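Engineer: The structure file data.cif (mmCIF, C-alpha atoms) is provided below.
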```cif
data_protein
loop_
_atom_site.label_atom_id
_atom_site.label_comp_id
_atom_site.auth_asym_id
_atom_site.auth_seq_id
_atom_site.Cartn_x
_atom_site.Cartn_y
_atom_site.Cartn_z
CA MET A 240 0.00 0.00 0.00
CA SER A 241 1.42 3.41 -0.99
CA GLU A 242 1.93 6.24 1.51
CA MET A 243 -0.99 8.15 -0.02
CA GLN A 244 -3.29 5.13 0.29
CA GLN A 245 -2.25 4.72 3.93
CA ILE A 246 -3.05 8.38 4.58
CA LEU A 247 -6.48 8.06 2.99
CA GLU A 248 -7.25 4.87 4.90
CA ALA A 249 -6.23 6.47 8.20
CA ILE A 250 -8.51 9.46 7.55
CA GLN A 251 -11.45 7.30 6.51
CA THR A 252 -11.13 4.97 9.51
CA GLY A 253 -10.87 7.83 12.02
CA ALA A 254 -7.26 7.21 13.08
CA SER A 255 -5.98 9.20 16.04
CA GLY A 256 -3.88 12.30 15.64
CA ASP A 257 -0.85 10.43 16.97
CA ASP A 258 -1.33 7.67 14.40
CA ILE A 259 -1.68 10.21 11.62
CA ALA A 260 1.44 12.03 12.82
CA ASN A 261 3.39 8.79 12.55
CA LEU A 262 2.36 8.08 8.95
CA ALA A 263 5.11 8.40 6.36
CA LEU A 264 4.63 11.26 3.92
CA PRO A 265 5.10 10.54 0.22
CA GLU A 266 7.95 12.14 -1.68
CA THR A 267 5.54 13.18 -4.45
CA TYR A 268 1.82 13.82 -4.86
CA ARG A 269 -0.63 14.56 -7.67
CA ALA A 270 -1.56 18.16 -8.31
CA ALA A 271 -3.24 20.38 -10.90
CA VAL A 272 -0.54 22.58 -12.42
CA VAL A 273 0.20 25.04 -15.17
CA ARG A 274 3.69 24.88 -16.67
CA LYS A 275 6.07 27.78 -17.10
CA ASP A 276 7.22 26.61 -20.53
CA GLU A 277 3.60 26.86 -21.75
CA GLN A 278 2.83 30.38 -20.56
CA GLU A 279 2.94 31.75 -24.11
CA MET A 280 0.63 29.05 -25.50
CA TRP A 281 -2.31 31.43 -25.81
CA ALA A 282 -0.46 34.23 -27.60
CA GLY A 283 -2.79 35.81 -30.16
CA TYR A 284 -5.92 34.18 -28.74
CA GLU A 285 -8.95 36.06 -27.47
CA SER A 286 -9.78 35.31 -23.82
CA ALA A 287 -12.95 33.44 -24.76
CA ASP A 288 -10.98 31.06 -26.99
CA LYS A 289 -8.46 30.04 -24.33
CA ASP A 290 -9.18 26.56 -22.98
CA PRO A 291 -8.15 25.60 -19.42
CA ARG A 292 -8.53 21.95 -20.39
CA GLN A 293 -5.37 22.31 -22.47
CA SER A 294 -3.25 24.26 -19.99
CA LEU A 295 -4.13 22.54 -16.69
CA HIS A 296 -2.29 19.26 -16.15
CA ILE A 297 -2.35 16.63 -13.39
CA ASP A 298 1.32 16.01 -12.60
CA ASP A 299 3.31 14.27 -9.89
CA VAL A 300 5.15 16.96 -7.93
CA PRO A 301 7.63 16.77 -5.03
CA LEU A 302 6.46 17.55 -1.51
CA PRO A 303 8.17 20.80 -0.42
CA GLU A 304 10.09 21.18 2.81
CA LEU A 305 7.91 22.36 5.71
CA ALA A 306 8.57 25.82 7.19
CA PRO A 307 8.22 26.33 10.98
CA ASP A 308 4.91 28.24 10.65
CA GLU A 309 3.29 25.83 8.18
CA ALA A 310 1.26 22.64 8.08
CA VAL A 311 1.00 19.80 5.58
CA VAL A 312 -2.67 19.10 4.85
CA ALA A 313 -4.12 16.06 3.11
CA VAL A 314 -6.60 17.71 0.75
CA MET A 315 -9.85 15.76 0.61
CA ALA A 316 -11.57 18.32 -1.63
CA SER A 317 -11.01 21.73 -3.20
CA SER A 318 -12.90 24.01 -5.58
CA ILE A 319 -12.62 26.19 -8.67
CA ASN A 320 -12.40 29.96 -8.35
CA PHE A 321 -12.04 32.61 -11.03
CA ASN A 322 -8.38 32.98 -10.10
CA THR A 323 -7.88 29.35 -11.18
CA VAL A 324 -9.32 30.29 -14.56
CA TRP A 325 -7.08 33.37 -14.78
CA THR A 326 -4.01 31.28 -13.96
CA SER A 327 -4.97 28.65 -16.55
CA ILE A 328 -5.36 31.18 -19.37
CA PHE A 329 -2.37 33.25 -18.20
CA GLU A 330 -4.44 36.41 -17.77
CA PRO A 331 -4.19 39.21 -17.03
CA LEU A 332 -0.58 38.00 -16.93
CA PRO A 333 1.17 34.69 -16.17
CA THR A 334 1.34 33.92 -12.45
CA PHE A 335 4.99 32.86 -12.64
CA GLY A 336 5.94 36.49 -12.08
CA PHE A 337 4.20 36.31 -8.69
CA LEU A 338 6.16 33.17 -7.80
CA SER A 339 9.44 34.75 -8.86
CA ARG A 340 8.89 37.79 -6.62
CA LEU A 341 7.92 35.57 -3.68
CA GLY A 342 11.06 33.53 -4.31
CA LYS A 343 13.24 36.59 -3.73
CA GLU A 344 11.78 37.41 -0.31
CA SER A 345 13.24 34.62 1.85
CA VAL A 346 14.72 31.15 1.96
CA TRP A 347 11.25 29.73 2.46
CA GLY A 348 9.82 31.90 -0.29
CA LYS A 349 12.36 30.50 -2.73
CA ARG A 350 10.56 27.14 -2.65
CA HIS A 351 7.66 28.72 -4.57
CA ASP A 352 9.68 29.80 -7.61
CA LEU A 353 9.30 26.65 -9.69
CA PRO A 354 8.74 25.76 -13.37
CA TYR A 355 5.20 24.75 -12.46
CA HIS A 356 2.42 26.38 -10.46
CA ILE A 357 0.10 24.24 -8.31
CA VAL A 358 -3.22 26.07 -8.42
CA GLY A 359 -6.24 26.24 -6.14
CA SER A 360 -7.29 28.69 -3.42
CA ASP A 361 -9.69 26.49 -1.41
CA ALA A 362 -9.26 23.23 0.50
CA ALA A 363 -10.81 20.99 3.13
CA GLY A 364 -8.78 18.19 4.63
CA VAL A 365 -6.78 16.80 7.53
CA ILE A 366 -3.51 18.07 9.00
CA LEU A 367 -0.69 15.53 8.64
CA ARG A 368 2.27 17.54 9.97
CA THR A 369 2.86 20.88 11.66
CA GLY A 370 6.00 23.00 11.74
CA SER A 371 7.88 23.68 14.95
CA ALA A 372 6.29 27.13 15.42
CA VAL A 373 2.66 25.96 15.04
CA ARG A 374 0.84 26.08 18.39
CA LYS A 375 -2.93 25.82 17.90
CA TRP A 376 -3.17 22.99 15.38
CA LYS A 377 -2.06 19.36 15.38
CA PRO A 378 -2.05 16.28 13.15
CA GLY A 379 -5.52 14.79 12.79
CA ASP A 380 -7.36 18.12 12.95
CA LYS A 381 -9.99 18.50 10.23
CA VAL A 382 -9.69 21.92 8.63
CA THR A 383 -10.65 24.25 5.87
CA VAL A 384 -8.08 26.62 4.39
CA HIS A 385 -8.56 30.29 3.57
CA CYS A 386 -6.36 31.96 0.97
CA ASN A 387 -4.93 35.06 2.70
CA TYR A 388 -1.18 34.38 2.48
CA LEU A 389 1.11 36.85 4.23
CA ASP A 390 4.18 37.35 6.39
CA ASP A 391 2.81 38.58 9.72
CA GLN A 392 6.27 39.76 10.86
CA ASP A 393 5.79 42.87 8.74
CA PRO A 394 4.02 45.71 10.63
CA SER A 395 1.84 46.45 7.58
CA ALA A 396 0.18 43.06 8.11
CA HIS A 397 -1.45 44.17 11.36
CA ASP A 398 -4.65 46.14 12.02
CA ASP A 399 -6.06 44.83 8.72
CA SER A 400 -3.86 42.21 7.09
CA MET A 401 -5.48 42.80 3.69
CA LEU A 402 -3.51 46.06 3.66
CA ALA A 403 -0.20 44.23 4.13
CA ASP A 404 2.36 45.14 1.48
CA ASN A 405 3.22 41.44 1.21
CA GLN A 406 -0.35 40.12 1.12
CA ARG A 407 -0.95 37.42 -1.46
CA ILE A 408 -3.65 34.94 -2.46
CA TRP A 409 -2.54 31.37 -1.80
CA GLY A 410 -2.63 29.14 -4.87
CA PHE A 411 -2.75 32.18 -7.16
CA GLU A 412 0.16 34.38 -6.06
CA SER A 413 1.86 31.57 -4.15
CA ASN A 414 2.58 27.96 -5.05
CA PHE A 415 1.42 24.65 -3.51
CA GLY A 416 -2.30 25.40 -3.92
CA GLY A 417 -5.31 23.34 -2.93
CA LEU A 418 -6.15 21.51 -6.18
CA ALA A 419 -3.91 18.63 -5.18
CA GLU A 420 -3.70 15.58 -2.92
CA LEU A 421 -1.53 17.50 -0.45
CA THR A 422 -0.85 21.15 0.26
CA VAL A 423 1.47 23.21 2.43
CA VAL A 424 -0.16 26.24 4.08
CA LYS A 425 0.60 28.72 6.82
CA ALA A 426 -0.95 28.00 10.21
CA ASN A 427 -2.83 31.30 10.07
CA GLN A 428 -4.73 30.03 7.03
CA LEU A 429 -6.35 27.19 8.97
CA MET A 430 -9.94 27.10 10.21
CA PRO A 431 -12.16 24.31 11.61
CA LYS A 432 -14.02 22.13 9.13
CA PRO A 433 -17.83 22.33 9.54
CA ARG A 434 -18.76 19.02 11.15
CA HIS A 435 -22.13 18.70 9.43
CA LEU A 436 -20.83 19.14 5.89
CA SER A 437 -19.11 16.76 3.49
CA TRP A 438 -15.56 17.35 2.34
CA GLU A 439 -16.67 18.94 -0.92
CA GLU A 440 -19.35 21.08 0.77
CA SER A 441 -16.73 22.30 3.24
CA ALA A 442 -14.15 23.00 0.53
CA VAL A 443 -16.12 25.47 -1.60
CA ASN A 444 -16.71 28.17 1.00
CA ALA A 445 -13.55 29.83 2.25
CA LEU A 446 -12.63 32.11 -0.63
CA CYS A 447 -16.09 33.17 -1.79
CA ASN A 448 -17.84 33.13 1.57
CA SER A 449 -15.10 35.19 3.23
CA THR A 450 -15.03 37.63 0.32
CA SER A 451 -18.79 38.17 0.57
CA TYR A 452 -18.63 38.53 4.36
CA ARG A 453 -16.07 41.32 4.10
CA MET A 454 -17.96 43.06 1.28
CA ILE A 455 -21.37 42.98 2.96
CA VAL A 456 -20.83 42.69 6.73
CA SER A 457 -17.43 44.13 7.57
CA GLN A 458 -16.87 47.79 8.38
CA HIS A 459 -13.92 47.58 5.98
CA ALA A 460 -16.44 47.57 3.11
CA ALA A 461 -20.24 48.01 3.03
CA GLY A 462 -20.96 47.58 6.75
CA MET A 463 -24.58 46.76 5.86
CA LYS A 464 -27.17 47.64 8.48
CA GLN A 465 -30.68 46.33 9.01
CA GLY A 466 -33.11 47.65 6.42
CA ASP A 467 -30.50 48.27 3.71
CA ALA A 468 -31.39 47.22 0.19
CA VAL A 469 -28.58 45.56 -1.76
CA LEU A 470 -28.33 44.89 -5.49
CA VAL A 471 -26.35 41.67 -5.99
CA TRP A 472 -24.98 40.98 -9.46
CA GLY A 473 -24.49 37.30 -10.27
CA ALA A 474 -26.64 36.41 -7.29
CA ALA A 475 -26.75 32.68 -8.08
CA GLY A 476 -23.01 32.40 -8.50
CA GLY A 477 -20.17 31.81 -6.06
CA ILE A 478 -19.74 35.06 -4.15
CA GLY A 479 -23.20 36.32 -5.13
CA GLY A 480 -24.99 33.39 -3.51
CA TYR A 481 -23.21 34.01 -0.22
CA ALA A 482 -23.88 37.75 -0.52
CA VAL A 483 -27.64 37.13 -0.79
CA GLN A 484 -27.50 35.04 2.39
CA TYR A 485 -25.61 37.73 4.31
CA VAL A 486 -28.10 40.40 3.26
CA LEU A 487 -31.00 38.21 4.41
CA ASN A 488 -29.28 37.25 7.67
CA GLY A 489 -28.48 40.88 8.42
CA GLY A 490 -32.02 42.16 8.04
CA GLY A 491 -31.50 43.65 4.60
CA THR A 492 -33.40 43.36 1.33
CA PRO A 493 -31.50 41.66 -1.51
CA VAL A 494 -32.29 42.33 -5.13
CA GLY A 495 -30.65 39.48 -7.02
CA VAL A 496 -29.64 39.71 -10.66
CA VAL A 497 -29.37 36.40 -12.51
CA SER A 498 -29.24 35.16 -16.10
CA SER A 499 -31.98 32.51 -16.19
CA GLU A 500 -35.33 31.63 -14.66
CA GLN A 501 -33.81 28.49 -13.16
CA LYS A 502 -31.33 30.66 -11.24
CA ALA A 503 -34.19 32.96 -10.25
CA ASP A 504 -36.05 29.98 -8.82
CA MET A 505 -32.96 29.04 -6.81
CA LEU A 506 -32.79 32.53 -5.30
CA ARG A 507 -36.45 32.39 -4.34
CA ALA A 508 -35.84 29.03 -2.66
CA MET A 509 -33.06 30.76 -0.68
CA GLY A 510 -35.53 33.41 0.48
CA CYS A 511 -34.65 36.18 -1.97
CA GLU A 512 -38.01 37.65 -2.95
CA HIS A 513 -36.85 40.27 -5.45
CA VAL A 514 -35.12 38.89 -8.55
CA ILE A 515 -34.21 40.39 -11.93
CA ASN A 516 -33.59 38.06 -14.86
CA ARG A 517 -31.15 40.17 -16.86
CA LYS A 518 -31.51 38.07 -20.01
CA GLU A 519 -35.26 38.41 -19.91
CA ALA A 520 -34.87 42.15 -19.30
CA GLY A 521 -32.39 42.36 -22.17
CA TYR A 522 -30.24 45.13 -20.72
CA GLN A 523 -27.69 46.58 -23.16
CA PHE A 524 -25.56 48.84 -21.00
CA TRP A 525 -23.05 49.34 -23.84
CA LYS A 526 -24.13 50.68 -27.25
CA ASP A 527 -20.75 49.64 -28.63
CA GLU A 528 -17.25 48.98 -27.32
CA HIS A 529 -16.72 52.62 -26.38
CA THR A 530 -20.18 54.01 -25.51
CA GLN A 531 -22.55 53.22 -22.66
CA ASP A 532 -26.31 53.78 -22.81
CA GLU A 533 -27.62 55.86 -19.90
CA SER A 534 -31.21 55.08 -20.87
CA GLU A 535 -30.45 51.42 -20.02
CA TRP A 536 -29.05 52.48 -16.63
CA ARG A 537 -32.32 54.32 -16.04
CA ARG A 538 -34.32 51.26 -17.05
CA LEU A 539 -32.43 49.17 -14.50
CA GLY A 540 -33.12 51.78 -11.81
CA LYS A 541 -36.79 51.83 -12.72
CA ASP A 542 -36.95 48.03 -12.53
CA ILE A 543 -35.35 48.07 -9.08
CA ARG A 544 -37.82 50.68 -7.83
CA GLY A 545 -40.65 48.61 -9.32
CA LEU A 546 -39.58 45.72 -7.09
CA ILE A 547 -38.78 47.43 -3.80
CA GLY A 548 -40.17 50.94 -4.18
CA ARG A 549 -36.81 52.74 -3.89
CA ASP A 550 -33.16 52.70 -4.93
CA VAL A 551 -30.68 50.28 -3.37
CA ASP A 552 -28.29 51.46 -0.65
CA ILE A 553 -25.48 49.11 -1.68
CA VAL A 554 -24.42 47.45 -4.92
CA PHE A 555 -22.45 44.21 -4.64
CA GLU A 556 -20.22 44.63 -7.72
CA HIS A 557 -17.92 42.03 -9.25
CA PRO A 558 -18.63 41.78 -13.02
CA GLY A 559 -16.65 44.99 -13.59
CA ARG A 560 -16.64 46.69 -16.97
CA GLN A 561 -19.96 45.33 -18.20
CA THR A 562 -22.04 46.56 -15.25
CA PHE A 563 -20.06 49.17 -13.35
CA GLY A 564 -21.53 52.24 -15.01
CA ALA A 565 -25.02 50.94 -14.31
CA SER A 566 -24.08 50.17 -10.70
CA VAL A 567 -22.84 53.70 -10.03
CA PHE A 568 -26.01 55.13 -11.52
CA ALA A 569 -28.45 52.75 -9.81
CA VAL A 570 -27.21 53.03 -6.23
CA ALA A 571 -29.07 55.54 -4.06
CA ARG A 572 -27.83 59.01 -3.22
CA GLY A 573 -25.14 58.53 -0.55
CA GLY A 574 -24.98 54.81 -1.29
CA LYS A 575 -22.00 52.51 -1.78
CA VAL A 576 -20.78 50.44 -4.70
CA VAL A 577 -18.58 47.72 -3.17
CA THR A 578 -16.34 46.08 -5.73
CA CYS A 579 -14.07 43.08 -5.92
CA ALA A 580 -12.72 41.43 -9.05
CA ALA A 581 -13.85 42.31 -12.57
CA THR A 582 -14.82 39.16 -14.40
CA SER A 583 -16.05 41.02 -17.50
CA GLY A 584 -13.06 43.38 -17.71
CA TYR A 585 -10.79 45.49 -15.51
CA MET A 586 -10.91 48.83 -17.34
CA ILE A 587 -13.93 50.49 -15.71
CA GLU A 588 -15.95 53.44 -17.01
CA TYR A 589 -18.75 55.34 -15.30
CA ASP A 590 -20.23 58.83 -15.30
CA ASN A 591 -18.53 60.60 -12.41
CA ARG A 592 -21.31 63.20 -12.17
CA HIS A 593 -23.62 60.53 -10.75
CA LEU A 594 -20.94 59.70 -8.18
CA TRP A 595 -19.75 63.05 -6.91
CA MET A 596 -22.95 65.09 -7.22
CA LYS A 597 -24.99 62.49 -5.34
CA LEU A 598 -22.28 61.76 -2.76
CA LYS A 599 -21.98 58.10 -3.65
CA SER A 600 -18.94 55.99 -2.76
CA ILE A 601 -16.93 53.28 -4.47
CA VAL A 602 -15.37 50.94 -1.92
CA SER A 603 -12.79 48.36 -2.94
CA SER A 604 -12.67 44.98 -1.23
CA HIS A 605 -10.25 42.07 -1.63
CA PHE A 606 -10.80 38.71 0.06
CA ALA A 607 -10.78 39.00 3.90
CA ASN A 608 -8.44 39.11 6.86
CA TYR A 609 -8.12 36.13 9.20
CA LYS A 610 -10.67 37.47 11.69
CA GLU A 611 -13.24 38.02 8.94
CA ALA A 612 -12.55 34.65 7.30
CA TRP A 613 -12.87 32.93 10.69
CA ALA A 614 -16.18 34.67 11.42
CA ALA A 615 -17.52 33.72 8.00
CA ASN A 616 -16.42 30.11 8.51
CA GLN A 617 -18.04 30.04 11.94
CA LEU A 618 -21.37 31.00 10.40
CA ILE A 619 -21.00 28.04 8.04
CA CYS A 620 -20.19 25.81 11.05
CA GLU A 621 -23.33 27.07 12.83
CA GLY A 622 -25.54 26.34 9.81
CA LYS A 623 -26.45 30.02 9.39
CA ILE A 624 -24.80 30.28 5.96
CA GLN A 625 -25.06 27.42 3.48
CA PRO A 626 -22.49 26.17 0.96
CA MET A 627 -23.11 27.12 -2.67
CA LEU A 628 -21.90 23.79 -4.07
CA SER A 629 -23.70 22.91 -7.30
CA LYS A 630 -21.55 20.20 -8.88
CA THR A 631 -18.49 18.11 -8.03
CA PHE A 632 -15.62 16.94 -10.25
CA THR A 633 -12.60 14.68 -9.76
CA LEU A 634 -9.05 16.00 -9.63
CA GLU A 635 -8.51 14.63 -13.14
CA GLN A 636 -11.44 16.77 -14.30
CA THR A 637 -10.00 20.04 -12.95
CA GLY A 638 -9.49 21.39 -16.48
CA GLU A 639 -13.12 20.70 -17.39
CA ALA A 640 -14.36 22.31 -14.17
CA ALA A 641 -12.24 25.42 -14.84
CA TYR A 642 -13.53 25.50 -18.43
CA GLN A 643 -17.13 25.51 -17.20
CA VAL A 644 -16.40 28.45 -14.87
CA HIS A 645 -14.58 30.25 -17.70
CA LYS A 646 -17.63 29.84 -19.95
CA ASN A 647 -20.14 30.67 -17.19
CA MET A 648 -21.76 27.26 -17.63
CA HIS A 649 -22.21 26.80 -13.88
CA GLU A 650 -24.27 27.95 -10.93
CA GLY A 651 -22.87 28.40 -7.47
CA LYS A 652 -19.52 26.73 -6.79
CA LEU A 653 -17.85 23.76 -8.45
CA GLY A 654 -16.15 21.36 -6.05
CA VAL A 655 -13.23 19.06 -6.83
CA LEU A 656 -12.54 15.77 -5.06
CA CYS A 657 -8.82 15.41 -4.41
CA LEU A 658 -8.12 12.54 -1.99
CA ALA A 659 -11.79 11.85 -1.22
CA PRO A 660 -12.79 8.87 -3.39
CA GLU A 661 -16.44 9.88 -3.69
CA GLU A 662 -18.98 12.53 -2.72
CA ASN A 663 -20.82 12.85 0.61
CA LEU A 664 -17.95 11.67 2.83
CA GLY A 665 -16.67 13.48 5.90
CA ILE A 666 -20.03 14.29 7.56
CA ASP A 667 -19.30 13.99 11.30
CA ASP A 668 -22.53 15.41 12.72
CA PRO A 669 -25.53 14.07 10.77
CA GLU A 670 -27.91 15.09 13.56
CA PHE A 671 -27.00 18.75 13.22
CA ARG A 672 -27.13 18.42 9.44
CA ALA A 673 -30.72 17.23 9.73
CA GLU A 674 -31.48 20.15 12.05
CA VAL A 675 -30.09 22.67 9.53
CA GLY A 676 -32.00 20.95 6.73
CA GLU A 677 -30.83 19.01 3.70
CA ASP A 678 -32.86 21.23 1.37
CA LYS A 679 -31.06 24.34 2.64
CA ILE A 680 -27.59 22.80 2.51
CA THR A 681 -28.02 21.47 -1.03
CA VAL A 682 -30.04 24.31 -2.54
CA ALA A 683 -27.47 25.16 -5.22
CA LYS A 684 -27.09 21.50 -6.19
CA ARG A 685 -30.85 21.04 -6.47
CA PHE A 686 -31.15 23.87 -8.98
CA ALA A 687 -27.97 23.14 -10.95
#
```
Let me see whether you can do it: turn the structure in this file into structure tokens.
Structural biologist:
Amino acid sequence: MSEMQQILEAIQTGASGDDIANLALPETYRAAVVRKDEQEMWAGYESADKDPRQSLHIDDVPLPELAPDEAVVAVMASSINFNTVWTSIFEPLPTFGFLSRLGKESVWGKRHDLPYHIVGSDAAGVILRTGSAVRKWKPGDKVTVHCNYLDDQDPSAHDDSMLADNQRIWGFESNFGGLAELTVVKANQLMPKPRHLSWEESAVNALCNSTSYRMIVSQHAAGMKQGDAVLVWGAAGGIGGYAVQYVLNGGGTPVGVVSSEQKADMLRAMGCEHVINRKEAGYQFWKDEHTQDESEWRRLGKDIRGLIGRDVDIVFEHPGRQTFGASVFAVARGGKVVTCAATSGYMIEYDNRHLWMKLKSIVSSHFANYKEAWAANQLICEGKIQPMLSKTFTLEQTGEAAYQVHKNMHEGKLGVLCLAPEENLGIDDPEFRAEVGEDKITVAKRFA
């Protein structure tokens, strides 16, 4: 029996932490990678024509040496995020530049500068080893992993670590990501695995759920209060689905924008009463590549008022170029447009008169600090926020899963089984799961 098979058997049979600590670690493990010598493969291609199925490979890679503040985690499941797509199509630029800069920072950073990049910014699994400086975690602990990767010895990493000048996203701007059988992460990326969820349900939350928590709940972004109305673009997607839940939990009124009636039905099942089907509405915010149509912004605003009787206080913005002008127009006087990412384009245009003359604000938000990620994870553990898992793939199917996200063929989040041999394993508290409700937990899967 190989070392990896022994690790999997120990996890599945509930071996003690001491027994897991005494297991031999393999010299190599399987991982989803992009290769440095292929980073020019898409030269001359339009973004839409780039295919992650061709650039993402499942390779055997060596297990890196463990730093004092790190842990080796057996990854039972992971998930696909937009940054996995960006890495796989080498946009907006190849990620090997990130790895090179990290490699120049320290001896431990040098490990990351490799001719391959192991991708993935989510994981759920079991700790196998801890470094000598790790205090609060031990082998055998079941964990999820958040993606805020930083050196907390730098003073800029304190107060709000997302402002750290060395802040990175694990698996995107660092190596040894979560789409693999094993991963190496910093101890301050670890959080408890929700006991009532499966491995794949636990694995899809950390990046998107934490991002939505910071954008909606945290005072670092929207700081939503009871009674606020919030327009959520892509409300049936990864971060959008969590955003809708936070608005509802916080006593706000979500207005969800989706692209199909099936997605609209999913939102209604989640408790979101006010839904706009943008394809049915047929919004054309851009007349051509260079000109936006203010009459379409006004039509969106009218549609929102037709649903809730007023303008929204907050816009949850992540599509970017396609919708940003409309978002700035549609938010109420004195309201906030909170933005992260830009999946439809980074170069943003809007009419500044509608911003400055009506005292609106644009607030940027990027992932979450450890405290925010922990709080968001705790709400998952308490069954107050549900996973947005819609479909699960195998590690060998990582390229296909990334392709589906790239082409917007999915709802919610796509999970990836890494060491877990099948779905629905890892549920340690079925009684609490029943209390939360199977229909709530699997809502995204039911409408996929």
Engineer: Which residue gives the smallest distance to Val423 in chain A among A:Ile543, A:Val471, A:Val312, A:Val577, with all atoms listed in the file counted?
Structural biologist: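 Of all the options, A:Val312 lies closest to Val423 in chain A.
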Engineer: Report as a count of residues only the residues that result from applying the PyMOL selection byres ((chain A and resi 413) around 9) to the structure here.
Structural biologist: 20
Engineer: Skip His557 in chain A itself and residues of its chain fewer than 6 positions away, then list as a PyMOL selection string all residues within 12 Å of it, counting all atoms listed in the file.
Structural biologist: chain A and resi 321+447+450-451+454+470-474+476-479+482+563+566+576-585+587+602-605
Engineer: Skipping near chain neighbours, those fewer than 2 positions away, what residues fall within 12 Å of His435 in chain A using all atoms listed in the file, listed as a VMD selection string?
Structural biologist: chain A and resid 431 to 433 437 to 441 619 to 622 625 to 626 663 to 677 680
Engineer: Written as an MDAnalysis selection string, which residues does the PyMOL selection byres ((chain A and resi 510) around 12) give for the file shown?
Structural biologist: chainID A and resid 480 483:488 491:495 503:509 511:514 679 682
Engineer: Name the residues captured by the PyMOL selection byres ((chain A and resi 420) around 12) when it is applied to the shown file; answer as a PyMOL selection string.
Structural biologist: chain A and resi 242-244+246-247+264-265+267-271+297-302+311-317+357-359+362-365+367+415-419+421-423+633-635+655-660
Engineer: Those same residues - C-alpha atoms - I'd like them written as an mmCIF file, keeping the file's coordinate frame.
Structural biologist:
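Writing done, so here's result-v3.cif:
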```
data_model
loop_
_atom_site.group_PDB
_atom_site.id
_atom_site.type_symbol
_atom_site.label_atom_id
_atom_site.label_comp_id
_atom_site.auth_asym_id
_atom_site.auth_seq_id
_atom_site.Cartn_x
_atom_site.Cartn_y
_atom_site.Cartn_z
ATOM 1 C CA GLU A 242 1.930 6.240 1.510
ATOM 2 C CA MET A 243 -0.990 8.150 -0.020
ATOM 3 C CA GLN A 244 -3.290 5.130 0.290
ATOM 4 C CA ILE A 246 -3.050 8.380 4.580
ATOM 5 C CA LEU A 247 -6.480 8.060 2.990
ATOM 6 C CA LEU A 264 4.630 11.260 3.920
ATOM 7 C CA PRO A 265 5.100 10.540 0.220
ATOM 8 C CA THR A 267 5.540 13.180 -4.450
ATOM 9 C CA TYR A 268 1.820 13.820 -4.860
ATOM 10 C CA ARG A 269 -0.630 14.560 -7.670
ATOM 11 C CA ALA A 270 -1.560 18.160 -8.310
ATOM 12 C CA ALA A 271 -3.240 20.380 -10.900
ATOM 13 C CA ILE A 297 -2.350 16.630 -13.390
ATOM 14 C CA ASP A 298 1.320 16.010 -12.600
ATOM 15 C CA ASP A 299 3.310 14.270 -9.890
ATOM 16 C CA VAL A 300 5.150 16.960 -7.930
ATOM 17 C CA PRO A 301 7.630 16.770 -5.030
ATOM 18 C CA LEU A 302 6.460 17.550 -1.510
ATOM 19 C CA VAL A 311 1.000 19.800 5.580
ATOM 20 C CA VAL A 312 -2.670 19.100 4.850
ATOM 21 C CA ALA A 313 -4.120 16.060 3.110
ATOM 22 C CA VAL A 314 -6.600 17.710 0.750
ATOM 23 C CA MET A 315 -9.850 15.760 0.610
ATOM 24 C CA ALA A 316 -11.570 18.320 -1.630
ATOM 25 C CA SER A 317 -11.010 21.730 -3.200
ATOM 26 C CA ILE A 357 0.100 24.240 -8.310
ATOM 27 C CA VAL A 358 -3.220 26.070 -8.420
ATOM 28 C CA GLY A 359 -6.240 26.240 -6.140
ATOM 29 C CA ALA A 362 -9.260 23.230 0.500
ATOM 30 C CA ALA A 363 -10.810 20.990 3.130
ATOM 31 C CA GLY A 364 -8.780 18.190 4.630
ATOM 32 C CA VAL A 365 -6.780 16.800 7.530
ATOM 33 C CA LEU A 367 -0.690 15.530 8.640
ATOM 34 C CA PHE A 415 1.420 24.650 -3.510
ATOM 35 C CA GLY A 416 -2.300 25.400 -3.920
ATOM 36 C CA GLY A 417 -5.310 23.340 -2.930
ATOM 37 C CA LEU A 418 -6.150 21.510 -6.180
ATOM 38 C CA ALA A 419 -3.910 18.630 -5.180
ATOM 39 C CA LEU A 421 -1.530 17.500 -0.450
ATOM 40 C CA THR A 422 -0.850 21.150 0.260
ATOM 41 C CA VAL A 423 1.470 23.210 2.430
ATOM 42 C CA THR A 633 -12.600 14.680 -9.760
ATOM 43 C CA LEU A 634 -9.050 16.000 -9.630
ATOM 44 C CA GLU A 635 -8.510 14.630 -13.140
ATOM 45 C CA VAL A 655 -13.230 19.060 -6.830
ATOM 46 C CA LEU A 656 -12.540 15.770 -5.060
ATOM 47 C CA CYS A 657 -8.820 15.410 -4.410
ATOM 48 C CA LEU A 658 -8.120 12.540 -1.990
ATOM 49 C CA ALA A 659 -11.790 11.850 -1.220
ATOM 50 C CA PRO A 660 -12.790 8.870 -3.390
#
```
Engineer: Pick the closest to Gln428 in chain A from A:Leu353, A:Ala520, A:Val551, A:Leu446: which is it, counting all atoms listed in the file?
Structural biologist: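 Distance minimum relative to Gln428 in chain A lands on A:Leu446.
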Engineer: Out of A:Ile328, A:Ala468, A:Leu402, A:Ala310, which residue has the shortest atom-to-atom distance to Tyr284 in chain A when counting all atoms listed in the file?
Structural biologist: A:Ile328
Engineer: Counting all atoms listed in the file, what is within 7 Å of range 532-535 of chain A, bar same-chain residues fewer than 4 positions away, as a PyMOL selection string?
Structural biologist: chain A and resi 522-526+539
Engineer: Using all atoms listed in the file, which of A:Arg453, A:Ala687, A:Tyr642, A:Asp393 sits nearest Gln406 in chain A?
Structural biologist: A:Asp393
